[in-house]
$ cat structure09.cif   # mmCIF, C-alpha atoms
data_work
#
loop_
_atom_site.group_PDB
_atom_site.id
_atom_site.type_symbol
_atom_site.label_atom_id
_atom_site.label_comp_id
_atom_site.auth_asym_id
_atom_site.auth_seq_id
_atom_site.Cartn_x
_atom_site.Cartn_y
_atom_site.Cartn_z
ATOM 1 C CA MET A 1 12.328 -39.384 -20.144
ATOM 2 C CA ARG A 2 11.179 -36.150 -18.496
ATOM 3 C CA PHE A 3 8.869 -35.496 -21.467
ATOM 4 C CA LEU A 4 7.309 -38.952 -21.046
ATOM 5 C CA MET A 5 6.823 -38.445 -17.301
ATOM 6 C CA ASN A 6 5.128 -35.078 -17.952
ATOM 7 C CA ARG A 7 2.836 -36.712 -20.526
ATOM 8 C CA LEU A 8 1.891 -39.481 -18.064
ATOM 9 C CA ARG A 9 1.110 -36.911 -15.370
ATOM 10 C CA PHE A 10 -0.908 -34.934 -17.907
ATOM 11 C CA ALA A 11 -2.970 -38.010 -18.859
ATOM 12 C CA LYS A 12 -3.589 -38.896 -15.224
ATOM 13 C CA THR A 13 -4.667 -35.330 -14.481
ATOM 14 C CA ILE A 14 -7.141 -35.288 -17.376
ATOM 15 C CA ALA A 15 -8.557 -38.655 -16.314
ATOM 16 C CA TRP A 16 -8.915 -37.540 -12.679
ATOM 17 C CA ALA A 17 -10.579 -34.258 -13.630
ATOM 18 C CA ALA A 18 -12.970 -35.948 -16.052
ATOM 19 C CA ILE A 19 -13.951 -38.629 -13.551
ATOM 20 C CA SER A 20 -14.414 -36.034 -10.817
ATOM 21 C CA LEU A 21 -16.571 -33.830 -12.986
ATOM 22 C CA LEU A 22 -18.680 -36.699 -14.265
ATOM 23 C CA GLY A 23 -19.246 -37.918 -10.722
ATOM 24 C CA MET A 24 -20.042 -34.430 -9.479
ATOM 25 C CA LEU A 25 -22.506 -33.754 -12.267
ATOM 26 C CA GLY A 26 -24.206 -37.089 -11.820
ATOM 27 C CA ILE A 27 -24.065 -38.114 -15.461
ATOM 28 C CA ARG A 28 -25.830 -41.305 -14.475
ATOM 29 C CA GLN A 29 -28.621 -39.445 -12.689
ATOM 30 C CA LEU A 30 -31.303 -41.120 -14.782
ATOM 31 C CA GLN A 31 -30.128 -44.506 -13.537
ATOM 32 C CA ALA A 32 -29.963 -43.192 -9.978
ATOM 33 C CA GLN A 33 -33.692 -42.767 -9.765
ATOM 34 C CA GLY A 34 -34.226 -46.534 -10.046
ATOM 35 C CA VAL A 35 -31.367 -47.672 -7.813
ATOM 36 C CA LYS A 36 -32.201 -49.118 -4.403
ATOM 37 C CA THR A 37 -29.899 -47.799 -1.738
ATOM 38 C CA GLN A 38 -29.274 -48.457 1.911
ATOM 39 C CA TYR A 39 -29.100 -44.695 2.377
ATOM 40 C CA PRO A 40 -32.086 -43.133 0.613
ATOM 41 C CA ARG A 41 -31.683 -39.936 2.680
ATOM 42 C CA ILE A 42 -28.821 -38.027 4.138
ATOM 43 C CA ALA A 43 -28.410 -38.868 7.818
ATOM 44 C CA PRO A 44 -28.438 -36.195 10.531
ATOM 45 C CA ILE A 45 -25.321 -34.016 10.294
ATOM 46 C CA GLU A 46 -23.967 -35.338 13.618
ATOM 47 C CA GLU A 47 -23.340 -38.711 11.953
ATOM 48 C CA TYR A 48 -20.993 -37.133 9.401
ATOM 49 C CA LEU A 49 -19.053 -34.932 11.801
ATOM 50 C CA MET A 50 -15.765 -36.036 13.351
ATOM 51 C CA ASP A 51 -13.649 -34.899 16.241
ATOM 52 C CA ARG A 52 -11.886 -31.811 14.824
ATOM 53 C CA ASN A 53 -8.343 -32.988 15.631
ATOM 54 C CA ALA A 54 -9.042 -36.455 14.235
ATOM 55 C CA GLU A 55 -10.406 -34.925 11.022
ATOM 56 C CA ILE A 56 -7.366 -32.662 10.682
ATOM 57 C CA ALA A 57 -5.029 -35.645 11.161
ATOM 58 C CA LEU A 58 -6.974 -37.751 8.637
ATOM 59 C CA ALA A 59 -6.966 -34.895 6.116
ATOM 60 C CA ARG A 60 -3.193 -34.445 6.503
ATOM 61 C CA SER A 61 -2.699 -38.180 5.884
ATOM 62 C CA ALA A 62 -3.756 -37.657 2.252
ATOM 63 C CA ALA A 63 -0.388 -36.189 1.299
ATOM 64 C CA PRO A 64 3.252 -36.514 2.286
ATOM 65 C CA GLU A 65 4.162 -34.390 5.302
ATOM 66 C CA ALA A 66 6.261 -32.079 3.113
ATOM 67 C CA ILE A 67 3.011 -31.022 1.412
ATOM 68 C CA SER A 68 0.377 -31.439 4.137
ATOM 69 C CA LYS A 69 2.263 -29.506 6.828
ATOM 70 C CA ASN A 70 1.828 -26.291 4.797
ATOM 71 C CA ALA A 71 -1.552 -27.118 3.224
ATOM 72 C CA THR A 72 -4.875 -25.538 4.053
ATOM 73 C CA ILE A 73 -6.911 -28.050 6.047
ATOM 74 C CA LEU A 74 -10.691 -28.123 5.755
ATOM 75 C CA VAL A 75 -13.042 -29.831 8.205
ATOM 76 C CA LEU A 76 -16.734 -30.495 7.794
ATOM 77 C CA GLY A 77 -19.011 -28.185 9.733
ATOM 78 C CA ARG A 78 -22.801 -28.095 10.048
ATOM 79 C CA HIS A 79 -23.277 -26.284 6.725
ATOM 80 C CA GLY A 80 -20.212 -27.266 4.745
ATOM 81 C CA TYR A 81 -16.445 -27.228 4.865
ATOM 82 C CA GLU A 82 -14.638 -24.764 7.126
ATOM 83 C CA THR A 83 -10.973 -23.819 7.213
ATOM 84 C CA ALA A 84 -9.330 -25.372 10.263
ATOM 85 C CA VAL A 85 -5.743 -24.509 9.282
ATOM 86 C CA GLU A 86 -4.718 -21.787 6.848
ATOM 87 C CA GLY A 87 -2.015 -23.085 4.527
ATOM 88 C CA LYS A 88 0.819 -21.467 2.601
ATOM 89 C CA ASN A 89 1.502 -23.768 -0.357
ATOM 90 C CA GLY A 90 -1.811 -23.763 -2.281
ATOM 91 C CA PHE A 91 -2.658 -27.403 -1.466
ATOM 92 C CA VAL A 92 -5.939 -28.152 0.308
ATOM 93 C CA CYS A 93 -6.416 -31.338 2.345
ATOM 94 C CA MET A 94 -9.810 -32.513 3.549
ATOM 95 C CA VAL A 95 -11.878 -35.551 4.443
ATOM 96 C CA GLU A 96 -14.532 -36.165 1.812
ATOM 97 C CA ARG A 97 -17.822 -37.881 2.535
ATOM 98 C CA ALA A 98 -19.736 -40.412 0.438
ATOM 99 C CA TRP A 99 -21.783 -37.762 -1.358
ATOM 100 C CA VAL A 100 -18.795 -36.861 -3.545
ATOM 101 C CA GLY A 101 -19.349 -40.179 -5.332
ATOM 102 C CA ALA A 102 -21.713 -40.912 -8.172
ATOM 103 C CA PHE A 103 -25.339 -40.186 -7.406
ATOM 104 C CA ASP A 104 -26.327 -43.781 -8.130
ATOM 105 C CA TRP A 105 -23.699 -45.251 -5.803
ATOM 106 C CA PRO A 106 -25.567 -47.253 -3.141
ATOM 107 C CA GLU A 107 -23.322 -45.771 -0.411
ATOM 108 C CA PHE A 108 -24.032 -42.150 -1.430
ATOM 109 C CA GLY A 109 -25.473 -41.171 1.974
ATOM 110 C CA ASN A 110 -23.431 -43.533 4.146
ATOM 111 C CA PRO A 111 -22.088 -41.466 7.070
ATOM 112 C CA LYS A 112 -19.304 -43.994 7.697
ATOM 113 C CA VAL A 113 -17.653 -43.421 4.307
ATOM 114 C CA ARG A 114 -14.786 -40.977 4.667
ATOM 115 C CA GLY A 115 -11.802 -40.474 2.438
ATOM 116 C CA ALA A 116 -8.816 -38.224 2.905
ATOM 117 C CA ASP A 117 -7.972 -36.126 -0.122
ATOM 118 C CA CYS A 118 -5.368 -33.471 -0.800
ATOM 119 C CA LEU A 119 -5.897 -31.237 -3.812
ATOM 120 C CA ASN A 120 -2.995 -29.654 -5.640
ATOM 121 C CA PRO A 121 -3.249 -25.878 -6.264
ATOM 122 C CA PRO A 122 -5.043 -26.103 -9.659
ATOM 123 C CA ALA A 123 -7.551 -28.619 -8.261
ATOM 124 C CA ALA A 124 -8.002 -26.462 -5.164
ATOM 125 C CA ARG A 125 -8.910 -23.556 -7.435
ATOM 126 C CA SER A 126 -11.209 -25.458 -9.784
ATOM 127 C CA ILE A 127 -12.495 -28.731 -8.246
ATOM 128 C CA LEU A 128 -12.815 -27.552 -4.638
ATOM 129 C CA PRO A 129 -15.486 -24.900 -5.320
ATOM 130 C CA LEU A 130 -17.658 -27.596 -6.936
ATOM 131 C CA ALA A 131 -17.105 -29.998 -4.038
ATOM 132 C CA GLU A 132 -17.956 -27.275 -1.533
ATOM 133 C CA MET A 133 -21.087 -26.320 -3.466
ATOM 134 C CA ARG A 134 -22.199 -29.941 -3.648
ATOM 135 C CA THR A 135 -21.563 -30.496 0.070
ATOM 136 C CA GLU A 136 -23.527 -27.402 1.072
ATOM 137 C CA MET A 137 -26.472 -28.478 -1.085
ATOM 138 C CA VAL A 138 -26.419 -32.055 0.250
ATOM 139 C CA LEU A 139 -26.379 -30.784 3.832
ATOM 140 C CA ALA A 140 -29.218 -28.377 3.026
ATOM 141 C CA GLY A 141 -31.341 -31.334 1.914
ATOM 142 C CA ARG A 142 -31.432 -30.522 -1.808
ATOM 143 C CA THR A 143 -32.387 -33.341 -4.176
ATOM 144 C CA LYS A 144 -29.827 -34.951 -6.440
ATOM 145 C CA THR A 145 -31.572 -33.435 -9.460
ATOM 146 C CA ASP A 146 -31.424 -29.966 -7.871
ATOM 147 C CA ILE A 147 -27.728 -30.425 -7.133
ATOM 148 C CA VAL A 148 -26.917 -31.484 -10.696
ATOM 149 C CA ASP A 149 -28.949 -28.618 -12.160
ATOM 150 C CA ARG A 150 -27.304 -26.050 -9.874
ATOM 151 C CA ILE A 151 -23.775 -27.252 -10.637
ATOM 152 C CA ARG A 152 -24.454 -27.282 -14.379
ATOM 153 C CA ALA A 153 -25.846 -23.748 -14.142
ATOM 154 C CA ALA A 154 -22.837 -22.567 -12.125
ATOM 155 C CA LEU A 155 -20.472 -24.012 -14.724
ATOM 156 C CA SER A 156 -22.352 -22.611 -17.703
ATOM 157 C CA LYS A 157 -22.691 -19.155 -16.092
ATOM 158 C CA ARG A 158 -19.027 -19.270 -15.038
ATOM 159 C CA GLU A 159 -19.962 -18.738 -11.391
ATOM 160 C CA VAL A 160 -17.201 -21.179 -10.490
ATOM 161 C CA PRO A 161 -13.676 -21.262 -11.912
ATOM 162 C CA ALA A 162 -13.040 -23.218 -15.082
ATOM 163 C CA LEU A 163 -11.591 -26.654 -14.499
ATOM 164 C CA GLU A 164 -7.852 -26.772 -14.937
ATOM 165 C CA ALA A 165 -4.992 -29.211 -14.670
ATOM 166 C CA TRP A 166 -1.516 -28.464 -13.422
ATOM 167 C CA GLY A 167 1.349 -27.884 -15.823
ATOM 168 C CA ASP A 168 1.523 -26.078 -19.139
ATOM 169 C CA GLU A 169 -0.309 -28.699 -21.173
ATOM 170 C CA LEU A 170 -3.873 -28.060 -20.089
ATOM 171 C CA HIS A 171 -5.596 -25.000 -18.754
ATOM 172 C CA ASP A 172 -9.236 -25.849 -19.396
ATOM 173 C CA VAL A 173 -10.587 -29.387 -18.995
ATOM 174 C CA GLN A 174 -14.144 -28.258 -19.741
ATOM 175 C CA SER A 175 -13.467 -28.377 -23.454
ATOM 176 C CA PHE A 176 -12.902 -32.157 -23.157
ATOM 177 C CA ILE A 177 -16.189 -32.807 -21.374
ATOM 178 C CA SER A 178 -19.665 -32.202 -22.708
ATOM 179 C CA TYR A 179 -22.428 -31.615 -20.223
#
$ encode --input "structure09.cif" --output "structure tokens"
Amino acid sequence: MRFLMNRLRFAKTIAWAAISLLGMLGIRQLQAQGVKTQYPRIAPIEEYLMDRNAEIALARSAAPEAISKNATILVLGRHGYETAVEGKNGFVCMVERAWVGAFDWPEFGNPKVRGADCLNPPAARSILPLAEMRTEMVLAGRTKTDIVDRIRAALSKREVPALEAWGDELHDVQSFISY
């Protein structure tokens, strides 16, 4: 039974990592150029910012208290994510904005879209640097094509950590994804 549970967790981790990477790299970027969107541009930064305490509380809501009380908490600042609370357990909780979605998603620039997320230690080491890079580029006004190109270059030059999943089964998700 334990073996089966580990295999299910492994499959879910691979699926999550693959979906995250595909969304972050904008695999559908060619389609994105023809998509009509309500949010053709990123709004002024003030529309994405939240009250600091409210953002911390929302970020902590992404995980059970036993995890979130000792997690690092990130909040969005004017140029990207900033550490609001230094954690001790390797988990990182944050409130993501719409730009973490697919580039052709019509809500990509919607300042009202916010989602609490809490990354486990392997995801904090491998997915978080990509999310932070993407956020900084979005806030700097870079185009979607520029963002995709920069992330691909960072991955190929190993400027960011290799993607990994937790557990012993998988240490490098990149080998499962061609880009």
$ resolve_selection --input "structure09.cif" --expression "the PyMOL selection byres ((chain A and resi 40-44) around 9)" --output "PyMOL selection string"
chain A and resi 36-39+45-48+99+106+108-111+138-139+141
$ resolve_selection --input "structure09.cif" --expression "the PyMOL selection byres ((chain A and resi 68-81) around 8)" --output "VMD selection string"
chain A and resid 45 49 to 50 52 55 to 56 59 to 67 82 to 95 118 132 135 to 136 139 to 140
$ atom_distance --input "structure09.cif" --atom1 "CA of Arg134 (chain A)" --atom2 "CA of Val100 (chain A)"
7.7 Å
$ atom_distance --input "structure09.cif" --atom1 "CA of Ser126 (chain A)" --atom2 "CA of Leu163 (chain A)"
4.9 Å
$ atom_distance --input "structure09.cif" --atom1 "CA of Thr145 (chain A)" --atom2 "CA of Glu164 (chain A)"
25.2 Å
$ resolve_selection --input "structure09.cif" --expression "the PyMOL selection byres ((chain A and resi 130) around 12)" --output "PyMOL selection string"
chain A and resi 17+20-25+80-81+100+123-129+131-137+147-148+150-155+158-163
$ axis_aligned_box --input "structure09.cif" --around "region 101-118 of chain A" --padding-each-side "3 Å" --output "AutoDock Vina command-line options"
--center_x -15.8 --center_y -40.4 --center_z -0.2 --size_x 27.0 --size_y 19.8 --size_z 21.9
